[in-house]
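J.: Quick one, data34.txt (compact mmCIF, C-alpha atoms and all ligand atoms):
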```txt
# COMPACT_ATOMS: atom_id res chain seq x y z
CA MET A 54 0.00 0.00 0.00
CA GLY A 55 0.83 3.56 -0.56
CA GLY A 56 2.94 5.06 2.18
CA HIS A 57 2.59 8.82 2.46
CA GLY A 58 2.19 10.10 -1.06
CA VAL A 59 -0.24 12.66 -2.43
CA ILE A 60 -3.14 10.21 -2.87
CA GLN A 61 -3.22 9.34 0.82
CA ARG A 62 -2.77 12.93 1.89
CA TYR A 63 -5.52 14.35 -0.34
CA ARG A 64 -7.70 11.32 -1.04
CA GLU A 65 -10.97 13.19 -0.31
CA PHE A 66 -10.22 15.36 -3.38
CA LEU A 67 -9.21 12.45 -5.63
CA PRO A 68 -11.12 9.69 -7.51
CA VAL A 69 -10.08 6.76 -5.29
CA SER A 70 -11.96 4.53 -2.84
CA GLN A 71 -11.01 2.72 0.36
CA ASP A 72 -10.27 -0.40 -1.72
CA THR A 73 -7.95 1.28 -4.21
CA CYS A 74 -4.44 -0.21 -4.16
CA ILE A 75 -2.27 2.91 -4.23
CA ILE A 76 0.96 2.85 -6.24
CA SER A 77 3.17 5.51 -4.65
CA LEU A 78 6.81 6.46 -4.15
CA ASN A 79 5.92 8.95 -1.40
CA GLU A 80 5.80 11.82 -3.89
CA GLY A 81 4.73 15.35 -2.99
CA ASN A 82 5.20 17.27 0.25
CA THR A 83 7.95 19.24 -1.51
CA PRO A 84 9.51 22.32 0.13
CA LEU A 85 8.09 25.81 -0.30
CA ILE A 86 11.24 27.88 0.11
CA GLU A 87 11.02 31.60 0.79
CA SER A 88 13.36 33.61 -1.43
CA HIS A 89 15.39 36.33 0.20
CA ASN A 90 18.32 36.94 -2.13
CA LEU A 91 16.61 36.67 -5.50
CA VAL A 92 13.75 38.96 -4.57
CA GLN A 93 16.26 41.46 -3.16
CA ALA A 94 18.38 41.24 -6.32
CA LEU A 95 15.27 42.09 -8.34
CA GLY A 96 14.45 45.01 -6.07
CA GLY A 97 11.00 43.53 -5.60
CA GLY A 98 8.65 44.66 -2.84
CA PHE A 99 6.84 41.33 -2.70
CA ARG A 100 7.26 37.99 -0.91
CA LEU A 101 8.42 35.15 -3.15
CA PHE A 102 8.11 31.43 -2.40
CA ILE A 103 9.74 28.73 -4.53
CA LYS A 104 7.85 25.40 -4.81
CA TYR A 105 10.78 23.03 -5.37
CA GLU A 106 9.27 20.16 -7.36
CA GLY A 107 12.67 18.75 -8.28
CA LEU A 108 12.59 17.02 -4.89
CA ASN A 109 9.96 14.51 -5.95
CA PRO A 110 11.03 10.82 -6.24
CA THR A 111 11.99 11.03 -9.94
CA ALA A 112 12.99 14.69 -9.62
CA SER A 113 10.06 16.41 -11.32
CA PHE A 114 6.42 17.28 -10.57
CA LYS A 115 5.30 14.58 -13.02
CA ASP A 116 5.24 12.09 -10.11
CA ARG A 117 2.13 13.72 -8.62
CA GLY A 118 0.06 12.80 -11.65
CA MET A 119 1.83 9.54 -12.35
CA THR A 120 0.98 8.03 -8.94
CA LEU A 121 -2.72 8.44 -9.74
CA ALA A 122 -2.49 7.48 -13.44
CA VAL A 123 -0.62 4.25 -12.59
CA THR A 124 -2.88 3.50 -9.61
CA LYS A 125 -5.91 3.75 -11.93
CA ALA A 126 -4.18 1.72 -14.67
CA VAL A 127 -3.64 -1.10 -12.15
CA GLU A 128 -7.28 -0.83 -11.05
CA LYS A 129 -8.29 -1.26 -14.71
CA ASP A 130 -6.00 -4.28 -14.98
CA VAL A 131 -4.03 -3.19 -18.06
CA ARG A 132 -0.68 -4.83 -18.90
CA ALA A 133 1.27 -1.82 -20.08
CA ILE A 134 1.42 1.94 -19.90
CA VAL A 135 2.69 4.16 -22.71
CA CYS A 136 3.66 7.79 -23.05
CA ALA A 137 5.31 10.26 -25.37
CA SER A 138 7.80 12.37 -23.50
CA THR A 139 10.39 15.11 -23.64
CA GLY A 140 11.97 13.17 -20.75
CA ASN A 141 10.34 13.71 -17.39
CA THR A 142 7.05 11.95 -18.08
CA SER A 143 8.98 8.90 -19.29
CA ALA A 144 11.27 8.97 -16.23
CA SER A 145 8.25 9.08 -13.94
CA ALA A 146 6.21 6.51 -15.89
CA ALA A 147 9.18 4.11 -15.92
CA ALA A 148 9.65 4.33 -12.16
CA TYR A 149 5.95 3.96 -11.23
CA ALA A 150 5.54 1.10 -13.75
CA SER A 151 8.40 -0.72 -12.00
CA ARG A 152 6.73 -0.14 -8.67
CA ALA A 153 3.45 -1.55 -10.04
CA GLY A 154 4.99 -4.42 -11.98
CA LEU A 155 3.70 -3.09 -15.32
CA THR A 156 5.45 -2.86 -18.68
CA CYS A 157 6.30 0.72 -19.65
CA VAL A 158 6.74 1.94 -23.24
CA VAL A 159 8.13 5.42 -23.85
CA LEU A 160 8.36 7.32 -27.14
CA ILE A 161 10.84 10.18 -27.11
CA PRO A 162 12.02 12.59 -29.81
CA GLU A 163 15.35 11.26 -31.15
CA GLY A 164 18.39 12.91 -29.59
CA LYS A 165 16.31 15.56 -27.81
CA ILE A 166 16.13 14.37 -24.23
CA SER A 167 18.75 15.03 -21.61
CA TYR A 168 21.19 12.44 -20.34
CA GLY A 169 19.69 12.19 -16.86
CA LYS A 170 16.17 11.58 -18.15
CA MET A 171 17.35 8.94 -20.63
CA ALA A 172 19.22 7.23 -17.77
CA GLN A 173 16.04 7.08 -15.70
CA ALA A 174 13.92 5.46 -18.44
CA LEU A 175 16.61 2.86 -19.14
CA ILE A 176 17.52 1.93 -15.57
CA HIS A 177 13.87 1.31 -14.71
CA GLY A 178 13.61 -1.00 -17.71
CA ALA A 179 11.17 0.95 -19.88
CA LYS A 180 10.96 -0.07 -23.55
CA THR A 181 12.55 3.15 -24.79
CA ILE A 182 11.85 4.08 -28.40
CA GLU A 183 13.41 7.13 -30.03
CA VAL A 184 11.19 8.54 -32.77
CA ARG A 185 12.67 10.47 -35.69
CA GLY A 186 10.36 13.39 -35.09
CA ASN A 187 9.34 15.87 -32.41
CA PHE A 188 7.25 15.43 -29.26
CA ASP A 189 4.00 16.30 -30.98
CA GLU A 190 4.53 13.51 -33.54
CA ALA A 191 5.39 11.04 -30.77
CA LEU A 192 2.15 11.96 -28.95
CA GLU A 193 0.11 11.27 -32.11
CA LEU A 194 1.57 7.74 -32.21
CA VAL A 195 0.78 7.26 -28.53
CA ARG A 196 -2.85 8.28 -29.13
CA GLU A 197 -3.05 5.47 -31.72
CA LEU A 198 -1.45 2.89 -29.38
CA GLY A 199 -3.89 3.91 -26.64
CA LEU A 200 -6.82 2.69 -28.74
CA ARG A 201 -5.85 -0.86 -27.66
CA ASP A 202 -7.54 -1.83 -24.38
CA ASP A 203 -4.49 -3.56 -22.84
CA ILE A 204 -2.42 -0.34 -23.00
CA GLU A 205 -3.09 2.80 -20.93
CA ILE A 206 -1.83 6.23 -22.00
CA VAL A 207 -0.20 8.13 -19.13
CA ASN A 208 0.41 11.44 -20.89
CA SER A 209 -1.47 14.42 -19.49
CA ILE A 210 -4.34 13.65 -21.89
CA ASN A 211 -5.02 10.99 -19.21
CA PRO A 212 -7.36 12.95 -16.88
CA PHE A 213 -5.89 11.29 -13.76
CA ARG A 214 -2.55 13.01 -14.43
CA ILE A 215 -4.19 16.44 -14.09
CA GLN A 216 -6.13 15.29 -11.01
CA GLY A 217 -2.96 14.13 -9.25
CA GLN A 218 -0.98 17.23 -10.15
CA LYS A 219 -3.55 19.56 -8.58
CA THR A 220 -2.26 18.40 -5.17
CA ALA A 221 0.64 20.84 -5.57
CA ALA A 222 -1.82 23.74 -5.28
CA PHE A 223 -3.24 22.18 -2.09
CA GLU A 224 0.24 21.95 -0.58
CA VAL A 225 1.03 25.57 -1.42
CA CYS A 226 -2.18 26.72 0.33
CA ASP A 227 -1.61 24.42 3.32
CA ASP A 228 1.94 25.77 3.75
CA LEU A 229 1.01 29.45 3.33
CA GLY A 230 -2.26 29.14 5.24
CA ALA A 231 -3.88 31.01 2.34
CA SER A 232 -3.85 31.29 -1.43
CA PRO A 233 -0.93 33.24 -2.94
CA ASP A 234 -1.79 36.41 -4.88
CA MET A 235 0.10 35.33 -8.01
CA HIS A 236 1.38 31.98 -9.23
CA PHE A 237 4.15 31.73 -11.88
CA LEU A 238 5.08 28.54 -13.73
CA PRO A 239 6.44 27.23 -17.05
CA VAL A 240 4.00 26.02 -19.72
CA GLY A 241 4.66 23.17 -22.17
CA ASN A 242 1.70 20.86 -22.75
CA ALA A 243 -0.13 23.12 -20.28
CA GLY A 244 -1.24 20.28 -18.02
CA ASN A 245 0.37 21.78 -14.95
CA ILE A 246 -1.19 25.25 -15.20
CA THR A 247 -4.54 23.48 -15.73
CA SER A 248 -3.91 21.33 -12.63
CA TYR A 249 -2.95 24.22 -10.35
CA TRP A 250 -5.98 26.23 -11.40
CA MET A 251 -8.25 23.21 -10.78
CA GLY A 252 -6.63 22.67 -7.37
CA TYR A 253 -6.99 26.30 -6.27
CA LYS A 254 -10.65 26.41 -7.35
CA GLU A 255 -11.47 23.15 -5.54
CA TYR A 256 -9.77 24.41 -2.37
CA LYS A 257 -11.82 27.60 -2.54
CA ASP A 258 -15.05 25.65 -3.09
CA ALA A 259 -14.13 23.55 -0.02
CA GLU A 260 -13.58 26.81 1.93
CA ARG A 261 -9.93 26.00 2.63
CA ILE A 262 -8.90 29.34 1.05
CA GLU A 263 -10.75 32.62 0.54
CA SER A 264 -9.29 33.93 -2.70
CA LEU A 265 -7.68 32.68 -5.90
CA PRO A 266 -4.30 33.57 -7.39
CA VAL A 267 -3.57 35.24 -10.71
CA MET A 268 -2.06 32.51 -12.93
CA MET A 269 1.04 33.53 -14.92
CA GLY A 270 2.22 30.87 -17.41
CA TRP A 271 5.48 31.11 -19.39
CA GLN A 272 6.38 29.50 -22.69
CA ALA A 273 9.77 29.60 -24.42
CA GLU A 274 9.80 32.06 -27.31
CA GLY A 275 10.71 29.37 -29.88
CA ALA A 276 7.92 27.10 -28.59
CA ALA A 277 5.12 29.54 -27.79
CA PRO A 278 2.00 28.35 -29.66
CA ILE A 279 -0.44 29.69 -27.04
CA VAL A 280 1.14 33.15 -27.07
CA ARG A 281 1.19 33.23 -30.88
CA GLY A 282 -2.25 31.68 -31.25
CA GLU A 283 -1.07 29.02 -33.71
CA ILE A 284 0.61 25.61 -33.76
CA VAL A 285 4.41 25.79 -33.98
CA ASP A 286 5.57 23.07 -36.39
CA ALA A 287 9.23 22.98 -35.40
CA PRO A 288 9.45 24.18 -31.78
CA GLU A 289 12.98 25.03 -30.67
CA THR A 290 14.29 25.95 -27.21
CA VAL A 291 17.09 25.09 -24.81
CA ALA A 292 14.32 24.25 -22.32
CA THR A 293 13.58 20.78 -23.73
CA ALA A 294 10.80 19.98 -21.24
CA ILE A 295 8.65 22.77 -22.73
CA ARG A 296 9.66 22.21 -26.36
CA ILE A 297 6.03 21.68 -27.41
CA GLY A 298 4.38 23.05 -30.55
CA ASN A 299 0.79 21.87 -30.02
CA PRO A 300 -0.09 21.69 -26.29
CA ALA A 301 -2.54 18.97 -25.21
CA SER A 302 -4.29 21.26 -22.69
CA TRP A 303 -4.16 24.42 -24.84
CA GLN A 304 -7.80 25.53 -24.27
CA LEU A 305 -7.75 24.74 -20.54
CA ALA A 306 -4.60 26.84 -20.13
CA ILE A 307 -6.29 29.81 -21.80
CA GLU A 308 -9.25 29.36 -19.45
CA ALA A 309 -6.95 29.31 -16.41
CA SER A 310 -5.24 32.51 -17.48
CA GLU A 311 -8.48 34.30 -18.41
CA GLU A 312 -10.58 33.21 -15.42
CA SER A 313 -7.78 34.23 -13.05
CA SER A 314 -7.08 37.56 -14.82
CA GLY A 315 -3.59 36.25 -15.52
CA ALA A 316 -1.59 35.78 -18.70
CA ILE A 317 0.39 33.35 -20.79
CA ASP A 318 3.50 34.99 -22.17
CA SER A 319 6.96 34.00 -23.41
CA VAL A 320 10.61 34.41 -22.47
CA THR A 321 13.68 33.97 -24.67
CA ASP A 322 16.25 31.21 -24.23
CA GLU A 323 18.71 33.85 -23.06
CA GLU A 324 16.28 35.00 -20.35
CA ILE A 325 15.70 31.37 -19.35
CA LEU A 326 19.43 30.67 -19.05
CA ASP A 327 20.03 33.87 -17.08
CA ALA A 328 17.27 32.85 -14.65
CA HIS A 329 18.64 29.29 -14.44
CA ARG A 330 22.06 30.61 -13.36
CA MET A 331 20.65 33.38 -11.14
CA LEU A 332 18.41 31.04 -9.12
CA ALA A 333 21.28 28.63 -8.49
CA ARG A 334 23.68 31.45 -7.58
CA THR A 335 21.38 33.50 -5.36
CA GLU A 336 19.23 30.89 -3.62
CA GLY A 337 21.12 27.59 -3.92
CA VAL A 338 18.19 26.08 -5.81
CA PHE A 339 19.28 24.05 -8.85
CA VAL A 340 16.68 23.44 -11.55
CA GLU A 341 16.57 22.33 -15.17
CA PRO A 342 16.23 25.05 -17.84
CA ALA A 343 12.46 24.62 -18.41
CA SER A 344 11.89 25.22 -14.70
CA ALA A 345 13.68 28.53 -14.95
CA ALA A 346 11.07 29.86 -17.40
CA GLY A 347 8.80 30.80 -14.47
CA ILE A 348 11.69 32.60 -12.76
CA ALA A 349 12.45 34.44 -16.02
CA GLY A 350 8.77 35.35 -16.08
CA ILE A 351 9.03 36.91 -12.63
CA VAL A 352 12.04 38.96 -13.73
CA LYS A 353 10.06 40.20 -16.72
CA SER A 354 6.78 40.89 -14.91
CA ASN A 355 8.61 42.65 -12.10
CA ALA A 356 10.47 44.88 -14.57
CA ARG A 357 7.11 45.80 -16.13
CA GLY A 358 5.69 46.67 -12.71
CA GLU A 359 3.06 43.93 -12.88
CA ILE A 360 3.71 42.45 -9.42
CA PRO A 361 1.96 44.55 -6.76
CA GLN A 362 3.92 45.72 -3.71
CA GLY A 363 3.31 43.55 -0.68
CA SER A 364 1.86 40.64 -2.64
CA THR A 365 2.64 36.97 -2.05
CA VAL A 366 4.02 35.25 -5.12
CA VAL A 367 4.65 31.54 -5.66
CA VAL A 368 6.78 30.14 -8.48
CA THR A 369 6.83 26.43 -9.28
CA VAL A 370 10.24 25.15 -10.30
CA THR A 371 9.28 21.95 -12.02
CA GLY A 372 12.37 19.73 -12.31
CA HIS A 373 15.78 19.17 -10.74
CA GLY A 374 18.96 20.62 -12.26
CA LEU A 375 20.76 17.26 -12.25
CA LYS A 376 18.41 16.10 -14.99
CA ASP A 377 20.55 18.07 -17.43
CA PRO A 378 24.13 18.45 -16.14
CA ALA A 379 25.57 19.28 -19.57
CA ILE A 380 23.49 22.46 -19.82
CA ALA A 381 24.43 23.43 -16.27
CA ILE A 382 28.15 23.18 -17.00
CA ASP A 383 27.77 25.18 -20.23
CA ASN A 384 25.68 27.80 -18.46
CA SER A 385 27.99 28.28 -15.45
CA ALA A 386 30.03 31.45 -15.23
CA ALA A 387 32.66 29.44 -13.29
CA ARG A 388 35.20 27.03 -14.80
CA SER A 389 37.29 24.48 -12.91
CA VAL A 390 41.10 24.82 -13.04
CA VAL A 391 43.77 22.11 -12.87
CA VAL A 392 46.85 22.68 -10.67
CA GLU A 393 49.97 20.87 -9.37
CA PRO A 394 49.39 19.16 -5.98
CA ASP A 395 51.07 21.82 -3.82
CA LEU A 396 49.74 24.53 -1.51
CA GLU A 397 51.20 27.43 -3.49
CA SER A 398 49.44 26.34 -6.67
CA VAL A 399 46.15 25.97 -4.83
CA LEU A 400 46.50 29.42 -3.17
CA ASN A 401 47.33 30.89 -6.57
CA ALA A 402 44.25 29.32 -8.08
CA ILE A 403 42.07 30.69 -5.25
CA GLY A 404 43.63 34.11 -5.82
CA VAL A 405 45.25 34.63 -2.41
CA GLN A 406 49.00 34.89 -1.77
C1 LIG A 501 6.53 18.63 -18.02
C2 LIG A 501 7.39 19.74 -17.61
C3 LIG A 501 7.04 21.09 -17.80
C4 LIG A 501 5.81 21.51 -18.53
O1 LIG A 501 4.63 21.14 -17.88
P1 LIG A 501 3.26 21.07 -18.71
O2 LIG A 501 2.30 20.44 -17.79
O3 LIG A 501 3.57 20.21 -19.91
O4 LIG A 501 2.92 22.45 -19.11
C5 LIG A 501 7.87 22.07 -17.31
N1 LIG A 501 9.02 21.76 -16.69
C6 LIG A 501 9.39 20.48 -16.48
C7 LIG A 501 10.68 20.22 -15.80
C8 LIG A 501 8.60 19.44 -16.93
O5 LIG A 501 9.00 18.18 -16.75
```
Would you mind writing the file's structure down as structure tokens?
T.:
Amino acid sequence: MGGHGVIQRYREFLPVSQDTCIISLNEGNTPLIESHNLVQALGGGFRLFIKYEGLNPTASFKDRGMTLAVTKAVEKDVRAIVCASTGNTSASAAAYASRAGLTCVVLIPEGKISYGKMAQALIHGAKTIEVRGNFDEALELVRELGLRDDIEIVNSINPFRIQGQKTAAFEVCDDLGASPDMHFLPVGNAGNITSYWMGYKEYKDAERIESLPVMMGWQAEGAAPIVRGEIVDAPETVATAIRIGNPASWQLAIEASEESSGAIDSVTDEEILDAHRMLARTEGVFVEPASAAGIAGIVKSNARGEIPQGSTVVVTVTGHGLKDPAIAIDNSAARSVVVEPDLESVLNAIGVQ
């Protein structure tokens, strides 16, 4: 049985019964870290809290939805789960399938997922198939595979993924004792912004919070179909986890931004990489590039004067930095140096005499 994951913690808000056999890796309950240095560096007059989703079992928020999707797949007695992935969905699916004793099939765009994410799919024994095409093409193939009744799709078109992910909004409210005023996050397939908005609204209906936040979603400029209002055929960005040209939850994301008086906007790769480095340097929080899109969004909104003085702002950082070590090394201002093994050489390298 399920330990202390998000299904047990929030089962009254989720489609499970007393008899459901929960498949969990104790996901969720991630830290909400108050920023001091970053918010000061930005000259902001607001409080900023970082929801550090990289500390989930497979190092991204995808685990919150996967625990429920795999639990329901087991309940339905399927043999295999399948997903298309830019990396984190496949990492999560592979781990939860192992836990459940299911076969996992993952379709990923050839050569486009990071080393850490590939390692996760392989070590958990997923049938890992690289498709000569982009994510959107891989998802089309998955939709066709999902027509078979012995295979369950665990992409965010599976409604249980969205249901499970909404628990992050509950945790934010439980930790703050209230709803934040604004919530920033990256947008790829737009499942997560949909989930948070659903979670906040359900918590308000249940009278756990009194107000709702303004939802601020951020796409990468080279993969910004929602901002541009049209499908992007060849999405391109350093932030591979949001390299999506035709988001599955496109309409729901627009609803979340409009109903909350928020916005969906874009940031450049340069802004994303600056935010990636700045967050690690100022707060000690290491994320993958896609996760930095929400931070870049805060920098941009703050510069435009869109964040009211005295407000409480939450930003979700979606995945851990160790997912993509190559990018982190490239994007570091620092370089390592090699010296002879004597004290003088070391002191020289430090820059003291
Ligand atoms: C999946 C993912 C996203 C995008 O989330 P969507 O629900 O697809 O909008 C952002 N960052 C990371 C690290 C992810 O794994």
J.: Could you give me, as a tab-separated table, every chain A residue with an atom at most 8 Å from ligand LIG 501 (chain A), plus its closest atom pair and distance in Å to one decimal, counting all atoms listed in the file, rows ordered by chain then number?
T.:
```
residue	atom	partner	partner_atom	distance
A:Gly107	CA	A:LIG501	C7	7.9
A:Ser113	CA	A:LIG501	O5	5.8
A:Phe114	CA	A:LIG501	O5	6.8
A:Lys115	CA	A:LIG501	O5	6.4
A:Thr139	CA	A:LIG501	O5	7.7
A:Gly140	CA	A:LIG501	O5	7.1
A:Asn141	CA	A:LIG501	O5	4.7
A:Thr142	CA	A:LIG501	O5	6.7
A:Ser209	CA	A:LIG501	O2	7.3
A:Leu238	CA	A:LIG501	C5	7.9
A:Pro239	CA	A:LIG501	C5	5.4
A:Val240	CA	A:LIG501	O4	3.8
A:Gly241	CA	A:LIG501	O4	3.6
A:Asn242	CA	A:LIG501	O3	3.5
A:Ala243	CA	A:LIG501	O4	3.3
A:Gly244	CA	A:LIG501	O2	3.6
A:Asn245	CA	A:LIG501	O2	3.7
A:Ile246	CA	A:LIG501	O4	6.3
A:Thr247	CA	A:LIG501	O2	7.8
A:Ala294	CA	A:LIG501	C8	4.9
A:Ile295	CA	A:LIG501	C4	5.2
A:Pro300	CA	A:LIG501	O3	7.5
A:Glu341	CA	A:LIG501	C7	6.3
A:Pro342	CA	A:LIG501	C7	7.6
A:Ala343	CA	A:LIG501	N1	4.8
A:Ser344	CA	A:LIG501	N1	4.9
A:Val370	CA	A:LIG501	N1	7.3
A:Thr371	CA	A:LIG501	C7	4.4
A:Gly372	CA	A:LIG501	C7	3.9
A:His373	CA	A:LIG501	C7	7.3
```
J.: For the point (25.1, 23.3, -18.3) in file coordinates, what residues are within 12 Å, counting all atoms listed in the file? Give the answer as a PDB file with C-alpha atoms, in the coordinates of the input?
T.:
```pdb
ATOM      1  CA  SER A 167      18.750  15.030 -21.610  1.00  0.00           C
ATOM      2  CA  TYR A 168      21.190  12.440 -20.340  1.00  0.00           C
ATOM      3  CA  VAL A 291      17.090  25.090 -24.810  1.00  0.00           C
ATOM      4  CA  ALA A 292      14.320  24.250 -22.320  1.00  0.00           C
ATOM      5  CA  LEU A 326      19.430  30.670 -19.050  1.00  0.00           C
ATOM      6  CA  ASP A 327      20.030  33.870 -17.080  1.00  0.00           C
ATOM      7  CA  HIS A 329      18.640  29.290 -14.440  1.00  0.00           C
ATOM      8  CA  ARG A 330      22.060  30.610 -13.360  1.00  0.00           C
ATOM      9  CA  ALA A 333      21.280  28.630  -8.490  1.00  0.00           C
ATOM     10  CA  PHE A 339      19.280  24.050  -8.850  1.00  0.00           C
ATOM     11  CA  VAL A 340      16.680  23.440 -11.550  1.00  0.00           C
ATOM     12  CA  GLU A 341      16.570  22.330 -15.170  1.00  0.00           C
ATOM     13  CA  PRO A 342      16.230  25.050 -17.840  1.00  0.00           C
ATOM     14  CA  GLY A 374      18.960  20.620 -12.260  1.00  0.00           C
ATOM     15  CA  LEU A 375      20.760  17.260 -12.250  1.00  0.00           C
ATOM     16  CA  LYS A 376      18.410  16.100 -14.990  1.00  0.00           C
ATOM     17  CA  ASP A 377      20.550  18.070 -17.430  1.00  0.00           C
ATOM     18  CA  PRO A 378      24.130  18.450 -16.140  1.00  0.00           C
ATOM     19  CA  ALA A 379      25.570  19.280 -19.570  1.00  0.00           C
ATOM     20  CA  ILE A 380      23.490  22.460 -19.820  1.00  0.00           C
ATOM     21  CA  ALA A 381      24.430  23.430 -16.270  1.00  0.00           C
ATOM     22  CA  ILE A 382      28.150  23.180 -17.000  1.00  0.00           C
ATOM     23  CA  ASP A 383      27.770  25.180 -20.230  1.00  0.00           C
ATOM     24  CA  ASN A 384      25.680  27.800 -18.460  1.00  0.00           C
ATOM     25  CA  SER A 385      27.990  28.280 -15.450  1.00  0.00           C
ATOM     26  CA  ALA A 386      30.030  31.450 -15.230  1.00  0.00           C
ATOM     27  CA  ALA A 387      32.660  29.440 -13.290  1.00  0.00           C
ATOM     28  CA  ARG A 388      35.200  27.030 -14.800  1.00  0.00           C
TER      29      ARG A 388
END
```
J.: Tell me which protein, DNA and RNA residues are within 10 Å of A:Trp250, counting only C-alpha atoms, leaving out same-chain ones fewer than 5 positions away, and put them as a PyMOL selection string.
T.: chain A and resi 219+222+236+245+255-256+265-268+305-306+308-310+312-313
J.: Out of A:Gly81, A:Pro361, A:Gly199, A:Pro288, which residue has the shortest atom-to-atom distance to A:Ala137 when counting all atoms listed in the file?
T.: A:Gly199
J.: Could you tell me how far atom CA of A:Thr335 sits from atom CA of A:Leu95, in Å to one decimal place?
T.: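 Going from atom CA of A:Leu95 over to atom CA of A:Thr335, I get 11.0 Å.
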J.: With only C-alpha atoms as the basis for distance, which of A:Asp258, A:Glu80, A:Glu336, A:Asp130 is at the shortest distance from A:Ala112?
T.: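 Counting only C-alpha atoms, the residue closest to A:Ala112 is A:Glu80.
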J.: Tell me which of A:Ala328, A:Leu67, A:Ile279, A:Leu194 sits closest to A:Thr220, counting all atoms listed in the file.
T.: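 The shortest atom-to-atom distance to A:Thr220 comes from A:Leu67.
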J.: Restricting the calculation to only C-alpha atoms: of A:Asp203, A:Asp227, A:Asp234, A:Glu197, which residue gets closest to A:Gly363?
T.: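 Nearest candidate to A:Gly363 out of A:Asp203, A:Asp227, A:Asp234, A:Glu197: A:Asp234.
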J.: Taking into account only C-alpha atoms, which residue in the set A:Ser151, A:Asn90, A:Asn299, A:Thr111 is nearest to A:Phe188?
T.: A:Asn299
J.: At what distance in Å, to one decimal, does atom CA of A:Ile297 lie from atom CA of A:Pro162?
T.: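 For atom CA of A:Pro162 relative to atom CA of A:Ile297, the distance reads 11.1 Å.
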J.: Which of these residues is nearest to A:Asn187, using only C-alpha atoms: A:Pro212, A:Pro68, A:Gly298, A:Gly154?
T.: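 Looking only at the distances to A:Asn187, the closest residue turns out to be A:Gly298.
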J.: Which protein, DNA or RNA residues are at most 7 Å from (4.8, 27.5, -3.9) in the file's coordinates when you count only C-alpha atoms, listed as a PyMOL selection string?
T.: chain A and resi 85+102-104+225+367-369
J.: Which distance in Å separates atom CA of A:Phe213 and atom CA of A:Ile60, to one decimal?
T.: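 These two atoms are separated by 11.3 Å.
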J.: What's around stretch 282-287 of chain A at 12 Å? Count all atoms listed in the file, leave out sequence neighbours fewer than 5 positions away in its own chain, and write the answer as a list in words.
T.: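 The residues that qualify are Gly186, Asn187, Phe188, Asp189, Glu190, Ala273, Glu274, Gly275, Ala276, Ala277, Arg296, Ile297, Gly298, Asn299, Pro300, Ala301, Trp303, Gln304, Ile307, Ile317 and Asp318 of chain A.
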